[in-house]
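Quick look at data_16.txt (compact mmCIF, C-alpha atoms):
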# COMPACT_ATOMS: atom_id res chain seq x y z
CA MET I 881 120.97 79.67 90.90
CA LEU I 882 121.50 82.85 88.90
CA SER I 883 118.27 84.59 87.93
CA ARG I 884 117.48 87.82 86.23
CA ILE I 885 115.38 90.41 88.00
CA THR I 886 114.13 93.37 86.04
CA ALA I 887 113.75 96.65 87.89
CA TYR I 888 111.60 98.89 85.71
CA SER I 889 110.70 102.50 86.57
CA ASP I 890 108.31 104.84 84.84
CA ARG I 891 107.09 108.37 85.59
CA LEU I 892 103.59 109.09 84.38
CA ALA I 893 101.99 112.54 84.28
CA MET I 894 98.20 112.43 84.41
CA ARG I 895 96.03 115.35 83.44
CA GLY I 896 92.28 115.61 83.74
CA ALA I 897 89.65 117.16 85.92
CA GLY I 898 89.35 116.80 89.66
CA PHE I 899 91.72 114.06 90.78
CA SER I 900 90.22 113.05 94.11
CA TRP I 901 91.23 110.22 96.48
CA GLU I 902 88.55 107.97 94.99
CA TYR I 903 89.53 108.80 91.43
CA VAL I 904 93.27 108.35 91.93
CA SER I 905 92.64 105.09 93.80
CA ARG I 906 90.50 103.86 90.93
CA ILE I 907 93.15 104.78 88.35
CA MET I 908 95.89 103.01 90.28
CA ARG I 909 93.78 99.92 90.92
CA GLN I 910 92.84 99.68 87.24
CA LEU I 911 96.37 100.32 85.99
CA PHE I 912 98.05 97.91 88.38
CA SER I 913 95.46 95.18 87.83
CA ALA I 914 95.96 95.44 84.06
CA ILE I 915 99.75 95.23 84.41
CA VAL I 916 99.76 92.26 86.78
CA LYS I 917 97.17 90.42 84.69
CA ASP I 918 99.27 90.72 81.53
CA ILE I 919 102.46 89.82 83.38
CA GLU I 920 100.78 86.67 84.70
CA THR I 921 99.94 85.65 81.14
CA VAL I 922 103.65 85.86 80.30
CA ARG I 923 104.83 84.32 83.55
CA PRO I 924 102.06 82.58 85.51
CA THR I 925 104.19 82.33 88.64
CA PHE I 926 104.46 86.00 89.41
CA ALA I 927 107.43 86.62 91.70
CA GLY I 928 107.81 90.32 92.13
CA HIS I 929 106.15 93.55 93.12
CA ILE I 930 104.36 96.34 91.31
CA LYS I 931 104.29 99.53 93.34
CA GLY I 932 103.77 103.19 92.74
CA ILE I 933 103.13 106.52 94.37
CA CYS I 934 100.91 109.34 93.13
CA THR I 935 101.58 112.90 94.28
CA ASN I 936 99.98 116.22 93.35
CA GLY I 937 102.65 118.64 94.54
CA SER I 938 100.44 119.92 97.36
CA GLY I 939 101.23 117.34 100.01
CA SER I 940 98.83 114.64 98.81
CA TYR I 941 100.20 111.18 98.23
CA LEU I 942 98.76 107.77 97.53
CA ARG I 943 100.86 104.62 97.48
CA ALA I 944 99.67 101.43 95.80
CA GLY I 945 101.16 97.96 95.68
CA CYS I 946 100.27 94.66 94.07
CA VAL I 947 101.85 91.19 94.11
CA SER I 948 99.29 89.06 92.27
CA THR I 949 95.91 89.18 90.53
CA THR I 950 94.28 87.38 93.45
CA GLY I 951 95.71 89.60 96.19
CA GLY I 952 94.26 92.82 94.75
CA VAL I 953 95.81 96.29 94.87
CA GLU I 954 96.57 97.78 98.29
CA VAL I 955 96.22 101.55 98.50
CA ALA I 956 97.29 103.88 101.33
CA GLY I 957 97.99 107.56 101.77
CA VAL I 958 96.54 111.01 102.30
CA TRP I 959 94.81 113.09 99.63
CA ASN I 960 94.06 116.62 100.81
CA LYS I 961 92.26 118.16 97.86
CA GLU I 962 91.32 117.59 94.27
CA SER I 963 93.84 118.61 91.61
CA ASP I 964 94.00 118.63 87.82
CA GLU I 965 97.42 117.06 87.47
CA VAL I 966 99.19 114.25 89.31
CA LEU I 967 102.48 112.44 88.91
CA LEU I 968 102.74 108.68 89.28
CA VAL I 969 106.10 107.02 89.89
CA LEU I 970 105.72 103.39 88.94
CA ASN I 971 108.09 100.51 89.74
CA VAL I 972 107.77 97.00 88.35
CA ILE I 973 110.33 94.66 89.87
CA ILE I 974 109.96 91.10 88.72
CA LEU I 975 111.79 87.86 88.26
CA GLY I 976 112.30 86.46 84.77
CA VAL I 977 110.39 88.91 82.56
CA PRO I 978 112.53 90.96 80.15
CA GLU I 979 112.50 94.77 80.21
CA LYS I 980 111.06 95.04 76.70
CA ILE I 981 108.01 92.96 77.57
CA ILE I 982 107.36 94.90 80.79
CA SER I 983 107.61 98.15 78.86
CA GLU I 984 105.06 96.93 76.31
CA ILE I 985 102.71 95.72 79.04
CA VAL I 986 102.93 99.05 80.88
CA ALA I 987 102.32 100.99 77.65
CA LYS I 988 99.22 98.89 76.91
CA ALA I 989 97.87 99.28 80.45
CA VAL I 990 98.48 103.04 80.37
CA ASN I 991 96.62 103.39 77.07
CA GLU I 992 93.67 101.28 78.20
CA THR I 993 93.38 103.04 81.56
CA GLY I 994 93.64 106.50 79.99
CA TYR I 995 91.02 105.63 77.38
CA SER I 996 88.50 104.03 79.72
CA LEU I 997 88.80 106.68 82.45
CA LYS I 998 89.12 109.58 79.97
CA ILE I 999 92.36 110.98 81.32
CA HIS I 1000 95.49 112.06 79.50
CA ILE I 1001 98.51 110.04 80.62
CA THR I 1002 102.01 110.85 79.41
CA ARG I 1003 104.99 108.59 80.01
CA GLU I 1004 107.71 111.07 80.94
CA ASN I 1005 110.75 109.13 81.95
CA THR I 1006 111.09 105.42 81.45
CA ASP I 1007 114.08 103.66 82.87
CA HIS I 1008 114.82 100.03 83.44
CA GLN I 1009 117.65 97.76 84.30
CA GLY I 1010 118.15 94.06 84.48
CA VAL I 1011 119.94 92.80 87.55
CA THR I 1012 121.38 89.31 87.68
CA CYS I 1013 121.09 87.99 91.19
CA LEU I 1014 122.00 84.88 93.09
CA LEU I 1015 118.52 83.77 93.97
CA MET C 995 122.69 103.11 118.71
CA LYS C 996 120.26 100.42 117.67
CA ILE C 997 120.59 99.18 114.08
CA ILE C 998 117.79 97.05 112.64
CA ILE C 999 117.70 95.54 109.16
CA VAL C 1000 114.18 94.80 107.88
CA SER C 1001 114.60 92.31 105.05
CA GLY C 1002 112.24 90.18 103.01
CA PHE C 1003 111.36 89.39 99.42
CA LEU C 1004 109.56 91.84 97.14
CA GLY C 1005 106.07 92.60 98.40
CA SER C 1006 106.46 90.87 101.77
CA GLY C 1007 105.35 93.98 103.74
CA LYS C 1008 108.65 95.68 104.62
CA THR C 1009 107.48 99.23 103.92
CA THR C 1010 104.17 98.70 105.73
CA PHE C 1011 106.01 97.37 108.78
CA ILE C 1012 108.54 100.22 108.70
CA PHE C 1013 105.73 102.77 108.47
CA GLN C 1014 104.21 101.29 111.64
CA ALA C 1015 107.60 101.03 113.34
CA MET C 1016 108.39 104.69 112.56
CA ASN C 1017 105.10 105.77 114.16
CA HIS C 1018 105.83 103.64 117.24
CA LEU C 1019 109.35 105.07 117.57
CA LEU C 1020 108.08 108.61 117.08
CA GLU C 1021 105.48 108.14 119.82
CA ASN C 1022 108.21 106.85 122.12
CA LYS C 1023 110.44 109.83 121.24
CA GLU C 1024 113.21 107.69 119.79
CA LYS C 1025 115.14 109.62 117.17
CA THR C 1026 115.14 107.43 114.09
CA ALA C 1027 116.96 107.41 110.76
CA LEU C 1028 115.82 105.28 107.88
CA ILE C 1029 118.04 104.01 105.07
CA ILE C 1030 116.01 102.85 102.09
CA ASN C 1031 117.40 100.95 99.16
CA GLU C 1032 115.12 100.37 96.20
CA ALA C 1033 115.93 98.43 93.06
CA GLY C 1034 114.15 100.89 90.76
CA THR C 1035 115.93 104.07 89.71
CA SER C 1036 112.89 106.16 90.63
CA GLY C 1037 112.06 105.15 94.18
CA VAL C 1038 108.53 104.84 95.52
CA ASP C 1039 108.93 103.93 99.19
CA ASN C 1040 111.31 106.76 100.03
CA VAL C 1041 108.74 109.26 98.70
CA PHE C 1042 105.98 107.55 100.70
CA LEU C 1043 107.92 107.43 103.97
CA ARG C 1044 109.22 111.00 103.56
CA GLN C 1045 105.61 112.16 103.24
CA THR C 1046 104.96 110.63 106.65
CA GLY C 1047 107.74 112.75 108.19
CA ALA C 1048 110.47 110.11 108.40
CA ASN C 1049 114.16 111.08 108.18
CA VAL C 1050 115.09 109.15 105.07
CA TRP C 1051 118.42 108.45 103.42
CA ASP C 1052 117.64 107.11 99.98
CA ILE C 1053 119.93 104.80 98.02
CA SER C 1054 117.96 103.87 94.92
CA GLY C 1055 118.87 102.31 91.61
CA GLY C 1056 121.10 99.50 92.79
CA CYS C 1057 121.53 97.00 95.57
CA ILE C 1058 123.24 98.03 98.81
CA CYS C 1059 124.61 94.53 99.20
CA CYS C 1060 126.77 94.95 96.10
CA THR C 1061 126.63 97.82 93.55
CA SER C 1062 125.57 100.48 96.07
CA SER C 1063 127.53 99.31 99.13
CA ALA C 1064 129.73 102.44 99.06
CA GLY C 1065 126.60 104.58 99.10
CA PHE C 1066 125.39 102.67 102.15
CA ARG C 1067 128.65 103.17 104.06
CA GLN C 1068 128.61 106.88 103.23
CA ALA C 1069 124.99 107.31 104.33
CA PHE C 1070 125.60 105.35 107.52
CA ALA C 1071 128.66 107.42 108.44
CA GLU C 1072 126.75 110.65 107.79
CA ILE C 1073 123.85 109.46 109.96
CA ARG C 1074 126.15 108.52 112.84
CA GLN C 1075 128.20 111.71 112.72
CA THR C 1076 125.60 114.36 111.99
CA PHE C 1077 122.11 113.03 112.79
CA LYS C 1078 123.05 110.92 115.84
CA PRO C 1079 119.86 108.85 116.09
CA ASP C 1080 118.78 106.33 118.71
CA VAL C 1081 117.66 103.90 116.03
CA VAL C 1082 118.67 103.24 112.41
CA LEU C 1083 116.21 101.21 110.38
CA ILE C 1084 117.51 99.74 107.14
CA GLU C 1085 115.13 98.65 104.39
CA PRO C 1086 117.08 96.85 101.65
CA SER C 1087 115.55 96.09 98.29
CA GLY C 1088 113.60 92.84 98.18
CA ILE C 1089 116.33 91.21 96.14
CA ALA C 1090 119.31 92.11 98.34
CA ASP C 1091 121.64 89.31 99.39
CA PRO C 1092 120.96 89.12 103.14
CA VAL C 1093 124.33 87.68 104.09
CA GLU C 1094 126.31 90.33 102.19
CA LEU C 1095 124.05 93.00 103.66
CA GLN C 1096 124.50 91.77 107.20
CA GLU C 1097 128.28 91.71 106.78
CA LEU C 1098 128.14 95.25 105.43
CA ALA C 1099 126.09 96.49 108.38
CA VAL C 1100 128.18 94.64 110.97
CA GLY C 1101 131.27 96.29 109.45
CA CYS C 1102 129.78 99.69 110.36
CA LEU C 1103 129.06 98.82 114.02
CA GLU C 1104 130.74 100.33 117.07
CA ALA C 1105 131.12 98.61 120.43
CA ALA C 1106 128.08 100.25 122.04
CA ASP C 1107 125.74 99.50 119.13
CA CYS C 1108 123.18 96.74 119.15
CA PHE C 1109 122.17 95.04 115.98
CA LYS C 1110 119.23 92.98 114.78
CA THR C 1111 117.87 91.53 111.55
CA ILE C 1112 114.12 91.04 111.10
CA THR C 1113 113.12 89.00 108.06
CA LEU C 1114 109.56 89.11 106.73
CA LEU C 1115 108.14 85.95 105.18
CA ASP C 1116 104.91 86.27 103.17
CA SER C 1117 102.67 83.36 104.23
CA ASP C 1118 100.11 84.15 101.53
CA ARG C 1119 102.65 83.55 98.72
CA ILE C 1120 104.90 81.07 100.48
CA GLU C 1121 104.60 78.39 97.77
CA THR C 1122 105.43 80.83 94.95
CA ILE C 1123 108.30 82.40 96.86
CA LEU C 1124 109.93 79.12 97.83
CA ASP C 1125 109.50 77.87 94.29
CA ALA C 1126 110.95 80.98 92.64
CA VAL C 1127 113.55 82.24 95.12
CA HIS C 1128 114.27 79.44 97.56
CA HIS C 1129 117.97 80.19 97.95
CA LEU C 1130 117.43 83.89 98.67
CA THR C 1131 114.59 83.18 101.10
CA ALA C 1132 116.58 80.55 102.97
CA ALA C 1133 119.52 82.95 103.26
CA ALA C 1134 117.26 85.76 104.50
CA VAL C 1135 115.57 83.56 107.10
CA GLY C 1136 118.94 82.08 108.06
CA ALA C 1137 120.35 85.54 108.75
CA ALA C 1138 117.38 86.65 110.89
CA HIS C 1139 117.19 87.14 114.63
CA THR C 1140 113.41 87.37 114.24
CA VAL C 1141 111.21 86.03 111.44
CA MET C 1142 107.89 87.80 110.96
CA ILE C 1143 105.35 85.61 109.20
CA THR C 1144 103.28 88.26 107.40
CA LYS C 1145 99.84 88.40 105.76
CA THR C 1146 98.30 85.90 108.16
CA ASP C 1147 94.93 87.58 107.53
CA MET C 1148 95.12 86.65 103.83
CA ALA C 1149 96.92 83.29 103.94
CA SER C 1150 95.42 79.83 104.32
CA PRO C 1151 96.17 77.90 107.53
CA SER C 1152 98.44 75.60 105.50
CA GLY C 1153 100.34 78.62 104.11
CA ILE C 1154 100.96 79.93 107.62
CA GLU C 1155 102.01 76.46 108.78
CA LYS C 1156 104.37 76.06 105.82
CA ALA C 1157 105.98 79.44 106.52
CA ARG C 1158 106.36 78.56 110.22
CA ASP C 1159 107.92 75.19 109.39
CA PHE C 1160 110.29 76.74 106.88
CA ALA C 1161 111.42 79.36 109.42
CA ALA C 1162 111.80 76.80 112.22
CA ASN C 1163 113.74 74.32 110.07
CA THR C 1164 115.95 76.92 108.40
CA ASN C 1165 116.79 78.92 111.51
CA PRO C 1166 115.84 77.15 114.76
CA GLY C 1167 117.44 79.93 116.81
CA ALA C 1168 115.25 82.72 115.48
CA SER C 1169 112.08 83.83 117.15
CA VAL C 1170 109.04 83.49 114.90
CA ILE C 1171 106.18 85.99 115.13
CA PRO C 1172 103.08 85.63 112.92
CA VAL C 1173 101.41 88.95 112.16
CA SER C 1174 98.92 90.70 109.95
CA LEU C 1175 100.03 94.22 109.04
CA SER C 1176 96.57 95.21 107.79
CA GLU C 1177 96.08 96.91 111.15
CA PRO C 1178 98.83 98.52 113.24
CA LEU C 1179 100.65 96.03 115.46
CA ASP C 1180 99.93 96.31 119.17
CA GLN C 1181 102.48 98.12 121.34
CA ALA C 1182 103.78 94.96 123.04
CA THR C 1183 104.46 93.14 119.75
CA MET C 1184 106.13 96.18 118.22
CA LYS C 1185 108.28 96.66 121.32
CA GLU C 1186 109.35 93.03 121.18
CA LEU C 1187 110.18 93.28 117.48
CA LEU C 1188 112.28 96.41 117.91
CA GLN C 1189 114.18 95.09 120.91
CA CYS C 1190 117.78 94.04 120.30
Give the structure from the file, written as structure tokens.
Amino acid sequence: MLSRITAYSDRLAMRGAGFSWEYVSRIMRQLFSAIVKDIETVRPTFAGHIKGICTNGSGSYLRAGCVSTTGGVEVAGVWNKESDEVLLVLNVIILGVPEKIISEIVAKAVNETGYSLKIHITRENTDHQGVTCLL
Amino acid sequence: MKIIIVSGFLGSGKTTFIFQAMNHLLENKEKTALIINEAGTSGVDNVFLRQTGANVWDISGGCICCTSSAGFRQAFAEIRQTFKPDVVLIEPSGIADPVELQELAVGCLEAADCFKTITLLDSDRIETILDAVHHLTAAAVGAAHTVMITKTDMASPSGIEKARDFAANTNPGASVIPVSLSEPLDQATMKELLQC
């Protein structure tokens, strides 16, 4: 069966005060939960992976991944010190949801997360491709 | 040289397993190269694994089984000629065609090499995965020397049983190892998994 997988990438710059391990974890959990929740409203059988990595340019990194609303967001990494700016590389790879819809869902989740956590998030480089696969 | 493909659908635990395997190989002083292929143009896992000190060759933005196969051959040749590792771990994207990928890797082998494919099967999402990507999952399990049933700490007993049955029926010759990757695997299990 031929199916369409969308591989969507986004680079988000986040600016605020004192990005600590706890704070970055909270941002990623909130952002990823919002994205997967909205994707599941479009496609209840979520077959894919949302993953991302936050870095601060000083050796700190935090990776997060999510495969469903029920499974939660897994977070792992090392965060050495607080910083005022971090970069998040976000990948959404999913079966059967068009690029345009994923882009809208990500934009909404970014806005909501930035507003509720009072941080400035800029989408710097959005890229996506649809891949037709024999699945 | 030992060449090990770690395949499995999106979110099955490939990167988590490779992170643990890299630590095990490092502790045992086995020089290891890692080829990562991610579907997204801006990779996540290669950044993560690089941060942990792994020697990573990144082929992102396509699939090494088809559109990026030339990139794979080039990376593999470079690793063999210049890095000369004991072990090459290959993490394809979660949507790679396992049969094409295995043929590609086998085409790069030399007589003294040993080769293995480990396929990860997510027992917590087994119903969803078999419903959505049955053909791909069957091909991945069919190509495996070892099937790792992952997320046994999160899955229901029936999910684990279903994953076991699927692996046993699809590939009776493969060894089946149920694991949770929430904690590092014990030395004996890791050694068994990384043995050709």
Give me the range 936-986 of chain I side of the contact with range 1035-1050 of chain C, cut-off 12 Å, one line per residue showing its nearest atom pair and distance in Å at one decimal, counting all atoms listed in the file, sorted by chain and residue number, as a Markdown table.
| residue | atom | partner | partner_atom | distance |
| --- | --- | --- | --- | --- |
| I:Gly937 | CA | C:Gln1045 | CA | 11.2 |
| I:Ser938 | CA | C:Gln1045 | CA | 11.0 |
| I:Gly939 | CA | C:Gln1045 | CA | 7.5 |
| I:Ser940 | CA | C:Gln1045 | CA | 8.5 |
| I:Tyr941 | CA | C:Phe1042 | CA | 7.3 |
| I:Leu942 | CA | C:Phe1042 | CA | 7.9 |
| I:Arg943 | CA | C:Phe1042 | CA | 6.7 |
| I:Ala944 | CA | C:Val1038 | CA | 9.5 |
| I:Gly945 | CA | C:Val1038 | CA | 10.1 |
| I:Val955 | CA | C:Phe1042 | CA | 11.7 |
| I:Ala956 | CA | C:Phe1042 | CA | 9.5 |
| I:Gly957 | CA | C:Phe1042 | CA | 8.1 |
| I:Val958 | CA | C:Gln1045 | CA | 9.2 |
| I:Trp959 | CA | C:Gln1045 | CA | 11.4 |
| I:Leu967 | CA | C:Val1038 | CA | 11.7 |
| I:Leu968 | CA | C:Val1038 | CA | 9.3 |
| I:Val969 | CA | C:Val1038 | CA | 6.5 |
| I:Leu970 | CA | C:Val1038 | CA | 7.3 |
| I:Asn971 | CA | C:Val1038 | CA | 7.2 |
| I:Val972 | CA | C:Val1038 | CA | 10.7 |
| I:Ile973 | CA | C:Thr1035 | CA | 11.0 |
Selected residues written out, C-alpha atoms, as a CSV table (one decimal), in the frame of the given file:
chain,number,residue,atom,x,y,z
I,937,GLY,CA,102.6,118.6,94.5
I,938,SER,CA,100.4,119.9,97.4
I,939,GLY,CA,101.2,117.3,100.0
I,940,SER,CA,98.8,114.6,98.8
I,941,TYR,CA,100.2,111.2,98.2
I,942,LEU,CA,98.8,107.8,97.5
I,943,ARG,CA,100.9,104.6,97.5
I,944,ALA,CA,99.7,101.4,95.8
I,945,GLY,CA,101.2,98.0,95.7
I,955,VAL,CA,96.2,101.6,98.5
I,956,ALA,CA,97.3,103.9,101.3
I,957,GLY,CA,98.0,107.6,101.8
I,958,VAL,CA,96.5,111.0,102.3
I,959,TRP,CA,94.8,113.1,99.6
I,967,LEU,CA,102.5,112.4,88.9
I,968,LEU,CA,102.7,108.7,89.3
I,969,VAL,CA,106.1,107.0,89.9
I,970,LEU,CA,105.7,103.4,88.9
I,971,ASN,CA,108.1,100.5,89.7
I,972,VAL,CA,107.8,97.0,88.4
I,973,ILE,CA,110.3,94.7,89.9
One decimal, Å: what's the distance from CA of Val1100 in chain C over to CA of Asp1159 in chain C, could you say? 28.1 Å
Using only C-alpha atoms, determine which residues of chain C fall within 6 Å of chain I; present them as a list in words. Leu1004, Gly1005, Ala1033, Gly1034, Ser1036, Val1038, Val1127, His1129 and Leu1130 of chain C
Export of the given selection (C-alpha atoms) as a PDB file, keeping the file's coordinate frame:
ATOM      1  CA  LEU C1004     109.560  91.840  97.140  1.00  0.00           C
ATOM      2  CA  GLY C1005     106.070  92.600  98.400  1.00  0.00           C
ATOM      3  CA  ALA C1033     115.930  98.430  93.060  1.00  0.00           C
ATOM      4  CA  GLY C1034     114.150 100.890  90.760  1.00  0.00           C
ATOM      5  CA  SER C1036     112.890 106.160  90.630  1.00  0.00           C
ATOM      6  CA  VAL C1038     108.530 104.840  95.520  1.00  0.00           C
ATOM      7  CA  VAL C1127     113.550  82.240  95.120  1.00  0.00           C
ATOM      8  CA  HIS C1129     117.970  80.190  97.950  1.00  0.00           C
ATOM      9  CA  LEU C1130     117.430  83.890  98.670  1.00  0.00           C
TER      10      LEU C1130
END
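Put simply, CA of Glu1085 in chain C is 19.7 Å away from CA of Pro1172 in chain C.
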For the atom pair CA of Thr1026 in chain C and CA of Thr1009 in chain C, what is the interatomic distance in Å to one decimal place? 15.1 Å
List the spatial neighbours of Gly1101 in chain C as a PDB file with C-alpha atoms, in the coordinates of the input - criterion: any atom at most 10 Å away, only C-alpha atoms, same-chain residues fewer than 5 positions off excluded.
ATOM      1  CA  ARG C1067     128.650 103.170 104.060  1.00  0.00           C
ATOM      2  CA  LEU C1095     124.050  93.000 103.660  1.00  0.00           C
ATOM      3  CA  GLN C1096     124.500  91.770 107.200  1.00  0.00           C
TER       4      GLN C1096
END
Need to verify the contact set: Ser1150 in chain C, 10 Å, all atoms listed in the file, exclusion of same-chain residues closer than 6 positions in sequence. Can you return it as a VMD selection string? chain C and resid 1117 to 1119 1156
Ranking I:Ile981, I:Val986, I:Glu1004, I:Ser900 by minimum distance to Ser913 in chain I and counting all atoms listed in the file, which one comes first?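 Closest residue, counting all atoms listed in the file: I:Val986.
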